[in-house]
$ cat run.cif   # mmCIF, C-alpha atoms
data_coords
loop_
_atom_site.label_atom_id
_atom_site.label_comp_id
_atom_site.auth_asym_id
_atom_site.auth_seq_id
_atom_site.Cartn_x
_atom_site.Cartn_y
_atom_site.Cartn_z
CA MET A 219 100.75 42.46 -135.16
CA PRO A 220 99.73 38.85 -134.78
CA ASN A 221 97.00 37.86 -137.07
CA SER A 222 97.38 34.14 -137.39
CA HIS A 223 97.85 31.45 -134.85
CA SER A 224 96.39 28.40 -136.49
CA THR A 225 97.92 25.03 -135.60
CA GLU A 226 99.16 26.52 -132.37
CA ILE A 227 96.21 26.34 -130.10
CA GLY A 228 94.17 23.26 -129.35
CA ALA A 229 94.39 21.93 -132.87
CA ASP A 230 91.08 20.10 -132.61
CA ALA A 231 92.90 16.81 -132.37
CA SER A 232 90.21 15.40 -130.14
CA GLU A 233 89.74 12.36 -132.36
CA ALA A 234 93.00 12.12 -134.20
CA ASN A 235 93.47 9.19 -136.54
CA PRO A 236 95.23 6.57 -134.42
CA GLY A 237 97.13 5.20 -137.42
CA PRO A 238 96.63 3.27 -140.65
CA ASP A 239 96.42 -0.15 -139.01
CA VAL A 240 94.33 0.86 -136.05
CA PRO A 241 90.57 1.14 -136.55
CA SER A 242 89.10 4.55 -135.81
CA PRO A 243 87.07 5.01 -132.64
CA GLY A 244 83.92 5.19 -134.75
CA GLN A 245 84.67 1.84 -136.40
CA LEU A 246 85.48 0.28 -133.04
CA ALA A 247 82.24 1.62 -131.61
CA LEU A 248 80.34 -0.03 -134.45
CA GLU A 249 82.03 -3.34 -133.65
CA CYS A 250 81.09 -2.84 -130.00
CA GLN A 251 77.49 -2.37 -131.06
CA ALA A 252 77.73 -5.78 -132.73
CA GLY A 253 78.79 -7.15 -129.33
CA SER A 254 82.58 -7.14 -129.59
CA GLN A 255 84.14 -6.69 -126.18
CA ASP A 256 87.58 -6.82 -127.78
CA ALA A 257 86.76 -3.68 -129.77
CA PHE A 258 85.71 -1.98 -126.57
CA ALA A 259 89.01 -2.99 -124.97
CA LEU A 260 90.76 -1.10 -127.78
CA LEU A 261 88.60 1.95 -127.13
CA VAL A 262 89.46 1.76 -123.44
CA ALA A 263 93.14 1.54 -124.37
CA GLN A 264 92.83 4.61 -126.60
CA PHE A 265 90.79 6.79 -124.28
CA HIS A 266 91.20 5.77 -120.66
CA GLU A 267 94.20 8.03 -120.04
CA ARG A 268 92.49 11.07 -121.54
CA VAL A 269 89.28 10.43 -119.65
CA TYR A 270 91.26 9.87 -116.47
CA ASN A 271 93.07 13.19 -116.88
CA PHE A 272 89.81 15.00 -117.54
CA LEU A 273 88.25 13.49 -114.42
CA LEU A 274 91.39 14.26 -112.46
CA ALA A 275 90.97 17.86 -113.57
CA MET A 276 87.36 17.68 -112.39
CA THR A 277 87.92 16.03 -109.04
CA GLY A 278 91.51 16.80 -108.18
CA ARG A 279 91.87 13.37 -106.58
CA PRO A 280 93.60 10.49 -108.39
CA GLN A 281 91.64 7.74 -106.66
CA ASP A 282 88.32 9.40 -107.40
CA ALA A 283 89.41 10.01 -110.97
CA GLU A 284 90.20 6.30 -111.40
CA ASP A 285 86.87 5.24 -109.90
CA LEU A 286 84.99 7.68 -112.10
CA THR A 287 86.96 6.61 -115.17
CA GLN A 288 85.92 3.02 -114.55
CA GLU A 289 82.31 4.11 -114.05
CA THR A 290 82.44 6.18 -117.23
CA PHE A 291 83.56 3.26 -119.39
CA LEU A 292 81.10 0.92 -117.73
CA LYS A 293 78.28 3.31 -118.58
CA ALA A 294 79.61 3.69 -122.10
CA TRP A 295 79.68 -0.09 -122.58
CA GLN A 296 76.14 -0.43 -121.29
CA ALA A 297 74.94 2.41 -123.53
CA ILE A 298 77.03 1.60 -126.60
CA SER A 299 73.93 0.69 -128.61
CA ARG A 300 72.78 4.30 -128.26
CA PHE A 301 76.00 5.77 -129.65
CA ASP A 302 75.45 7.41 -133.02
CA PRO A 303 78.52 6.67 -135.20
CA ARG A 304 77.91 9.85 -137.19
CA PHE A 305 79.22 11.79 -134.22
CA SER A 306 82.57 11.84 -132.49
CA PHE A 307 83.23 9.02 -130.04
CA SER A 308 85.57 11.21 -128.00
CA THR A 309 82.87 13.84 -127.52
CA TRP A 310 80.46 11.09 -126.49
CA ILE A 311 82.78 9.47 -123.94
CA PHE A 312 83.77 12.85 -122.48
CA THR A 313 80.11 13.78 -122.18
CA ILE A 314 79.51 10.61 -120.19
CA ALA A 315 82.58 11.40 -118.08
CA LYS A 316 81.30 14.90 -117.42
CA ARG A 317 77.90 13.60 -116.37
CA THR A 318 79.50 10.92 -114.23
CA SER A 319 81.57 13.48 -112.39
CA PHE A 320 78.70 15.90 -112.07
CA ASN A 321 77.87 16.46 -108.42
CA HIS A 322 80.75 14.21 -107.40
CA PHE A 323 83.17 16.13 -105.28
CA ARG A 324 81.83 19.31 -106.73
CA SER A 325 82.76 21.32 -103.75
CA TYR A 326 86.21 19.80 -103.52
CA ARG A 327 88.97 21.66 -105.28
CA PRO A 328 92.61 21.16 -104.59
CA SER A 329 93.99 24.30 -103.15
CA VAL A 330 96.98 25.66 -104.92
CA GLU A 331 99.41 27.82 -103.12
CA LEU A 332 99.95 30.85 -105.25
CA SER A 333 103.13 31.48 -103.36
CA ALA A 334 104.47 28.33 -105.00
CA ALA A 335 104.67 30.22 -108.26
CA PRO A 336 108.20 31.20 -109.19
CA GLU A 337 108.98 34.71 -108.19
CA PRO A 338 111.15 36.92 -110.31
CA THR A 339 114.51 36.89 -108.71
CA ASP A 340 117.97 38.33 -109.17
CA GLY A 341 116.59 41.32 -110.93
CA SER A 342 115.76 39.41 -114.09
CA ASP A 343 113.15 40.72 -116.46
CA PRO A 344 109.71 39.68 -115.16
CA SER A 345 108.56 39.14 -118.71
CA SER A 346 110.76 36.04 -118.85
CA VAL A 347 109.38 34.43 -115.73
CA LEU A 348 107.14 31.99 -117.56
CA SER A 349 108.98 31.90 -120.80
CA GLN A 350 110.59 28.51 -120.32
CA ASP A 351 108.79 25.22 -120.64
CA GLU A 352 108.96 24.31 -116.99
CA ASP A 353 107.49 27.68 -116.10
CA ARG A 354 104.61 27.29 -118.46
CA GLU A 355 103.36 24.52 -116.20
CA GLU A 356 102.77 27.29 -113.74
CA LEU A 357 99.93 28.47 -115.91
CA TRP A 358 98.09 25.22 -115.33
CA ARG A 359 98.78 25.36 -111.63
CA LEU A 360 97.16 28.78 -111.63
CA ALA A 361 94.36 27.50 -113.83
CA ARG A 362 93.51 24.93 -111.18
CA THR A 363 92.73 27.74 -108.78
CA LEU A 364 89.99 29.04 -111.06
CA GLU A 365 86.37 28.11 -110.71
CA PRO A 366 85.78 24.49 -111.77
CA LYS A 367 83.73 25.50 -114.80
CA HIS A 368 86.55 27.74 -116.01
CA TYR A 369 89.23 25.14 -115.44
CA GLN A 370 87.05 22.55 -117.15
CA VAL A 371 86.69 24.54 -120.37
CA LEU A 372 90.39 25.40 -120.40
CA TRP A 373 91.28 21.74 -120.06
CA LEU A 374 88.83 20.60 -122.72
CA ARG A 375 90.00 23.29 -125.14
CA TYR A 376 93.76 23.29 -124.59
CA GLY A 377 94.36 19.98 -122.83
CA GLU A 378 92.13 17.87 -125.04
CA GLY A 379 91.96 20.00 -128.15
CA PHE A 380 88.18 19.97 -128.44
CA SER A 381 86.61 22.69 -130.53
CA VAL A 382 84.38 25.20 -128.80
CA GLU A 383 81.29 23.42 -130.16
CA GLU A 384 82.51 20.04 -128.90
CA LEU A 385 83.45 21.30 -125.48
CA ALA A 386 80.09 23.05 -125.22
CA LYS A 387 78.39 19.75 -125.88
CA ILE A 388 80.51 17.99 -123.29
CA ALA A 389 80.03 20.71 -120.70
CA GLY A 390 76.31 20.82 -121.46
CA VAL A 391 76.21 24.52 -122.34
CA TYR A 392 75.51 26.55 -125.44
CA PRO A 393 78.57 27.29 -127.61
CA ILE A 394 78.18 31.00 -127.05
CA TYR A 395 78.35 30.45 -123.30
CA ALA A 396 81.36 28.18 -123.75
CA ARG A 397 83.09 31.08 -125.52
CA VAL A 398 82.19 33.38 -122.65
CA LEU A 399 83.62 30.88 -120.18
CA LEU A 400 86.85 30.59 -122.14
CA HIS A 401 87.11 34.37 -122.42
CA ARG A 402 86.59 34.81 -118.69
CA ALA A 403 88.94 31.95 -117.80
CA ARG A 404 91.80 33.43 -119.80
CA GLY A 405 91.02 36.86 -118.41
CA GLN A 406 91.20 35.59 -114.84
CA LEU A 407 94.41 33.78 -115.62
CA ALA A 408 95.84 37.03 -116.95
CA LYS A 409 94.85 38.76 -113.72
CA LEU A 410 96.50 36.04 -111.65
CA LEU A 411 99.68 36.48 -113.64
CA GLU A 412 99.64 40.25 -113.38
CA PRO A 413 101.02 40.72 -109.86
CA LYS A 414 103.95 38.45 -110.67
CA THR A 415 104.96 40.06 -113.87
CA GLY A 416 103.95 43.62 -113.68
CA ARG A 417 101.13 45.34 -115.48
CA GLY A 418 101.50 45.57 -119.16
CA SER A 419 104.02 42.81 -119.53
CA ARG A 420 101.58 39.88 -119.61
CA ALA A 421 101.67 39.83 -123.33
CA ASN A 422 105.19 38.59 -123.28
CA ILE A 423 105.39 36.34 -120.30
CA THR A 424 103.77 33.36 -121.87
CA GLN A 425 105.33 33.53 -125.25
CA MET B 129 82.11 53.10 -133.49
CA MET B 130 82.02 49.77 -131.60
CA PRO B 131 83.25 49.98 -128.01
CA CYS B 132 86.49 48.24 -127.09
CA PHE B 133 84.88 45.57 -124.91
CA LEU B 134 82.94 44.33 -127.94
CA TYR B 135 86.13 44.28 -130.00
CA ARG B 136 87.72 42.25 -127.22
CA ARG B 137 84.88 39.72 -127.28
CA LYS B 138 85.45 39.33 -131.01
CA LEU B 139 89.19 39.05 -130.56
CA SER B 140 88.70 36.44 -127.88
CA ALA B 141 86.38 34.48 -130.15
CA HIS B 142 89.08 34.52 -132.81
CA VAL B 143 91.55 33.13 -130.30
CA ASP B 144 89.04 30.38 -129.40
CA ALA B 145 88.47 29.39 -132.98
CA ASN B 146 92.05 29.64 -134.24
CA LEU B 147 90.95 32.16 -136.83
CA ASP B 148 92.93 34.81 -138.64
CA LEU B 149 91.92 38.31 -137.71
CA ALA B 150 89.33 39.99 -139.86
CA PRO B 151 90.47 43.25 -141.52
CA THR B 152 88.20 45.34 -139.28
CA LEU B 153 89.77 43.83 -136.19
CA GLN B 154 93.25 44.35 -137.59
CA ARG B 155 92.45 48.00 -138.26
CA HIS B 156 91.18 48.43 -134.70
CA LEU B 157 94.28 46.84 -133.25
CA GLY B 158 96.35 49.24 -135.32
CA ARG B 159 94.58 52.13 -133.62
CA CYS B 160 93.98 50.85 -130.08
CA ALA B 161 96.97 49.97 -127.93
CA GLY B 162 94.76 48.60 -125.12
CA CYS B 163 93.00 46.11 -127.34
CA ARG B 164 96.27 45.16 -128.99
CA ARG B 165 97.75 44.42 -125.57
CA PHE B 166 94.62 42.46 -124.62
CA TYR B 167 94.77 40.39 -127.80
CA GLU B 168 98.45 39.62 -127.42
CA GLN B 169 97.90 38.57 -123.81
CA ASP B 170 94.94 36.42 -124.67
CA LEU B 171 96.74 34.79 -127.54
CA SER B 172 99.90 34.13 -125.58
CA ILE B 173 98.01 32.59 -122.68
CA ALA B 174 96.08 30.35 -125.07
CA ARG B 175 99.30 29.28 -126.80
CA SER B 176 101.06 28.56 -123.54
CA LEU B 177 98.15 26.54 -122.20
CA ALA B 178 98.10 24.45 -125.37
CA ARG B 179 101.87 23.93 -125.38
CA SER B 180 102.16 23.00 -121.74
CA ALA B 181 99.06 20.82 -121.45
CA ASP B 182 101.02 17.63 -122.06
CA LYS B 183 103.08 18.28 -118.98
CA GLU B 184 99.88 18.66 -117.01
CA ARG B 185 98.85 15.12 -117.91
CA VAL B 186 99.29 12.40 -115.36
CA ALA B 187 99.60 8.73 -116.19
CA PRO B 188 96.94 6.70 -114.40
CA SER B 189 97.75 3.53 -112.54
CA PRO B 190 98.81 0.73 -114.94
CA PHE B 191 96.05 -1.34 -113.39
CA LEU B 192 93.30 1.06 -114.40
CA GLN B 193 92.76 -0.42 -117.86
CA PRO B 194 92.52 -4.06 -116.69
CA ARG B 195 90.34 -2.88 -113.84
CA ILE B 196 87.92 -1.27 -116.29
CA MET B 197 87.78 -4.39 -118.45
CA ALA B 198 87.25 -6.59 -115.38
CA ALA B 199 84.35 -4.38 -114.33
CA ILE B 200 82.85 -4.70 -117.81
CA GLU B 201 83.30 -8.47 -117.71
CA ARG B 202 81.60 -8.60 -114.32
CA SER B 203 78.77 -6.38 -115.49
CA GLY B 204 78.26 -8.71 -118.48
CA ARG B 205 77.95 -11.73 -116.20
CA THR B 206 75.67 -9.86 -113.83
CA ALA B 207 73.55 -8.69 -116.72
CA SER B 208 73.27 -12.26 -118.04
CA ALA B 209 72.25 -13.47 -114.61
CA HIS B 210 69.71 -10.67 -114.32
CA ARG B 211 68.34 -11.52 -117.78
CA LEU B 212 67.97 -15.17 -116.77
CA VAL B 213 66.24 -14.27 -113.52
CA ARG B 214 63.96 -11.88 -115.41
CA ARG B 215 63.07 -14.56 -117.94
CA LEU B 216 62.36 -17.08 -115.19
CA ALA B 217 60.25 -14.54 -113.35
CA TRP B 218 58.30 -13.83 -116.53
CA ALA B 219 57.81 -17.53 -117.20
CA ILE B 220 56.63 -18.22 -113.67
CA GLY B 221 54.36 -15.18 -113.79
CA ALA B 222 52.90 -16.17 -117.15
CA ALA B 223 52.29 -19.73 -115.96
CA ALA B 224 50.62 -18.46 -112.81
CA VAL B 225 48.35 -16.13 -114.79
CA LEU B 226 47.46 -18.92 -117.18
CA MET B 227 46.64 -21.29 -114.35
CA LEU B 228 44.60 -18.61 -112.64
CA ALA B 229 42.65 -17.95 -115.83
CA VAL B 230 41.97 -21.67 -116.34
CA TRP B 231 41.00 -22.10 -112.74
CA ALA B 232 38.74 -19.04 -112.79
CA THR B 233 36.97 -20.24 -115.95
CA TYR B 234 36.71 -23.76 -114.73
CA ASP B 235 35.65 -22.74 -111.25
CA ALA B 236 32.85 -20.62 -112.64
CA ARG B 237 31.45 -23.76 -114.24
CA LEU B 238 31.74 -25.87 -111.13
CA PRO B 239 28.50 -27.03 -109.54
CA ARG B 240 27.69 -25.08 -106.43
CA GLN B 241 25.80 -27.86 -104.78
CA GLY B 242 28.33 -30.31 -103.61
CA LEU B 243 29.83 -31.65 -106.82
CA THR B 244 33.61 -31.72 -106.88
CA LYS B 245 35.71 -31.49 -110.02
CA PRO B 246 36.33 -35.24 -110.44
CA GLU B 247 32.64 -35.96 -109.95
CA LEU B 248 31.74 -33.35 -112.53
CA ALA B 249 34.22 -34.81 -115.00
CA ALA B 250 32.73 -38.26 -114.46
CA ALA B 251 29.20 -36.89 -114.97
CA ILE B 252 30.19 -35.25 -118.24
CA GLN B 253 31.72 -38.49 -119.44
CA GLU B 254 28.55 -40.38 -118.55
CA LEU B 255 26.45 -37.89 -120.46
CA ALA B 256 28.67 -38.28 -123.49
CA ALA B 257 28.38 -42.05 -123.21
CA LEU B 258 24.60 -41.84 -122.94
CA GLU B 259 24.41 -39.95 -126.19
CA THR B 260 25.80 -42.93 -128.06
CA LYS B 261 23.16 -45.16 -126.46
CA LEU B 262 20.12 -43.12 -127.46
CA PRO B 263 17.57 -45.29 -129.26
CA ASN B 264 16.95 -44.85 -132.96
CA ASP B 265 13.48 -44.76 -134.62
CA GLN B 266 13.21 -48.56 -135.13
CA THR B 267 14.09 -49.22 -131.52
CA LEU B 268 11.53 -46.71 -130.36
CA ARG B 269 8.81 -48.42 -132.44
CA THR B 270 9.78 -51.81 -130.96
CA TRP B 271 9.69 -50.36 -127.46
CA SER B 272 6.37 -48.73 -128.01
CA GLY B 273 4.82 -52.19 -128.53
CA THR B 274 5.82 -53.23 -125.08
CA LEU B 275 4.85 -50.05 -123.24
CA ASP B 276 2.18 -50.06 -120.56
CA LYS B 277 1.25 -46.48 -121.37
CA PRO B 278 0.76 -44.85 -124.77
CA LEU B 279 3.97 -43.65 -126.48
CA ASP B 280 3.05 -39.97 -126.26
CA THR B 281 2.62 -40.27 -122.49
CA GLU B 282 6.05 -41.91 -122.21
CA MET B 283 7.56 -39.22 -124.38
CA VAL B 284 6.11 -36.51 -122.15
CA SER B 285 7.74 -38.19 -119.15
CA ILE B 286 11.05 -38.47 -120.98
CA LEU B 287 10.89 -34.82 -122.02
CA HIS B 288 10.09 -33.82 -118.46
CA ASP B 289 13.11 -35.74 -117.18
CA ALA B 290 15.35 -34.22 -119.89
CA ARG B 291 14.20 -30.70 -119.02
CA SER B 292 14.98 -31.35 -115.35
CA ALA B 293 18.44 -32.64 -116.28
CA ALA B 294 19.14 -29.64 -118.50
CA GLN B 295 18.03 -27.28 -115.76
CA ALA B 296 20.33 -29.00 -113.30
CA LEU B 297 23.23 -28.71 -115.74
CA VAL B 298 22.55 -25.04 -116.37
CA ASN B 299 22.34 -24.32 -112.67
CA ASN B 300 25.52 -26.17 -111.89
CA LEU B 301 27.76 -25.64 -114.88
CA LEU B 302 27.16 -22.21 -116.39
CA PRO B 303 28.46 -19.00 -114.78
CA ASP B 304 25.81 -16.78 -113.21
CA SER B 305 26.26 -14.16 -115.92
CA LEU B 306 25.17 -16.64 -118.59
CA GLN B 307 22.17 -17.98 -116.73
#
$ encode --input "run.cif" --output "structure tokens"
Amino acid sequence: MPNSHSTEIGADASEANPGPDVPSPGQLALECQAGSQDAFALLVAQFHERVYNFLLAMTGRPQDAEDLTQETFLKAWQAISRFDPRFSFSTWIFTIAKRTSFNHFRSYRPSVELSAAPEPTDGSDPSSVLSQDEDREELWRLARTLEPKHYQVLWLRYGEGFSVEELAKIAGVYPIYARVLLHRARGQLAKLLEPKTGRGSRANITQ
Amino acid sequence: MMPCFLYRRKLSAHVDANLDLAPTLQRHLGRCAGCRRFYEQDLSIARSLARSADKERVAPSPFLQPRIMAAIERSGRTASAHRLVRRLAWAIGAAAVLMLAVWATYDARLPRQGLTKPELAAAIQELAALETKLPNDQTLRTWSGTLDKPLDTEMVSILHDARSAAQALVNNLLPDSLQ
């Protein structure tokens, strides 16, 4: 019976130490507050790809994600004096990104053809359908078909490694509700997987 | 005994928080095949999502980063220009208010019977000059010897003229509220 899975899932690496020679995001933010645009350029270099991917998850459109990423960093630069260095910079920048994307393309979701999921063929065991790396990507393709709020929490938790408390702050919800959203999102994902793998075998298909 | 859906909420919370299972939950899983299956599913989905997230990432355009910095540079220049315009606007506004206040104060003191500002300034200067020419006691005694009328009569006339002058000044120079 599994009773431990630490280090496996979203290891809370949302603000990992970039290295001994590279200042931490908090230190860079302090330099930005003193007016250093060079320090902000380093922050952009560290975070723009992550923010872009988050906004891509939100909007589903690369061009919109790029525009919103630019807007997010512009807002961050203009509001850098209000950043509290006691808190995580990554949570702060993702919160700005979330607010920037709010109401933008809210109704737009890329449709994902479920039929594109690999079907069990040649009589192989359905429990192995998603067992290989390339098949695990299928999970995310299915995740994109979920409600935006569910996909958002899945991405923040497993894509970005934010803790439940951090992702709640970014999503603007209470942590208890963030847990409910995660619970429901995984449950819906399990239901989406069910027809492909057969009832009762879901436990194995993603391992 | 706690119903299974509550156990599942707890199990799900453990998956969220990367926690080891509490002994009570382990005991329940030992007894309940449904919850055990649920937990294994939940855990395996969470693990797979975490493992495969990197493949879900997409590299943005290589121009995105310079584009962001260019936008920040532009916003800095625009902000500087806006600050300058704001300062100029404040300066112009402050100067206008100051001039208005001076004008309003000065205008309230202007004579209302035909005197213009330059004329008033000239009159004030004349009055100031007259003050230096006022006779002292010795001069007055000398003058009194040459007067056609007694000194007291002359003084009454002088006082009468001074009162008229003061009245004219009050009427023309002081604001109505002070009169």
$ interface_residues --input "run.cif" --of "chain B" --to "chain A" --cutoff "6 Å" --atoms "only C-alpha atoms" --output "list in words"
Asn146, Asp148, Leu149, Glu168, Gln169, Ser172, Ile173, Arg175, Ser176, Leu177, Ala178, Ser180, Ala181, Ile196 and Ile200 of chain B
$ closest_residue --input "run.cif" --among "A:Gln264, A:Ser242, A:Thr309, A:Ser299" --to "Glu384 (chain A)" --atoms "only C-alpha atoms"
A:Thr309
$ residues_near_point --input "run.cif" --point "(75.5, 3.4, -129.1)" --cutoff "12 Å" --atoms "only C-alpha atoms" --output "PyMOL selection string"
chain A and resi 244-253+258+293-307+310-311
$ atom_distance --input "run.cif" --atom1 "CA of His368 (chain A)" --atom2 "CA of Ala145 (chain B)"
17.2 Å
$ atom_distance --input "run.cif" --atom1 "CA of His156 (chain B)" --atom2 "CA of Val371 (chain A)"
28.2 Å
$ atom_distance --input "run.cif" --atom1 "CA of Val269 (chain A)" --atom2 "CA of Thr313 (chain A)"
10.1 Å
$ residues_around --input "run.cif" --residues "Pro131 (chain B)" --least-positions-apart "5" --cutoff "12 Å" --atoms "only C-alpha atoms" --output "list in words"
Arg136, Arg137, Lys138, His156, Cys160, Gly162 and Cys163 of chain B
$ write_last_selection --input "run.cif" --atoms "C-alpha atoms" --output "PDB file, keeping the file's coordinate frame"
ATOM      1  CA  ARG B 136      87.720  42.250-127.220  1.00  0.00           C
ATOM      2  CA  ARG B 137      84.880  39.720-127.280  1.00  0.00           C
ATOM      3  CA  LYS B 138      85.450  39.330-131.010  1.00  0.00           C
ATOM      4  CA  HIS B 156      91.180  48.430-134.700  1.00  0.00           C
ATOM      5  CA  CYS B 160      93.980  50.850-130.080  1.00  0.00           C
ATOM      6  CA  GLY B 162      94.760  48.600-125.120  1.00  0.00           C
ATOM      7  CA  CYS B 163      93.000  46.110-127.340  1.00  0.00           C
TER       8      CYS B 163
END
$ resolve_selection --input "run.cif" --expression "the PyMOL selection byres ((chain B and resi 143) around 8)" --output "VMD selection string"
(chain A and resid 223) or (chain B and resid 139 to 142 144 to 147 170 to 171 174)
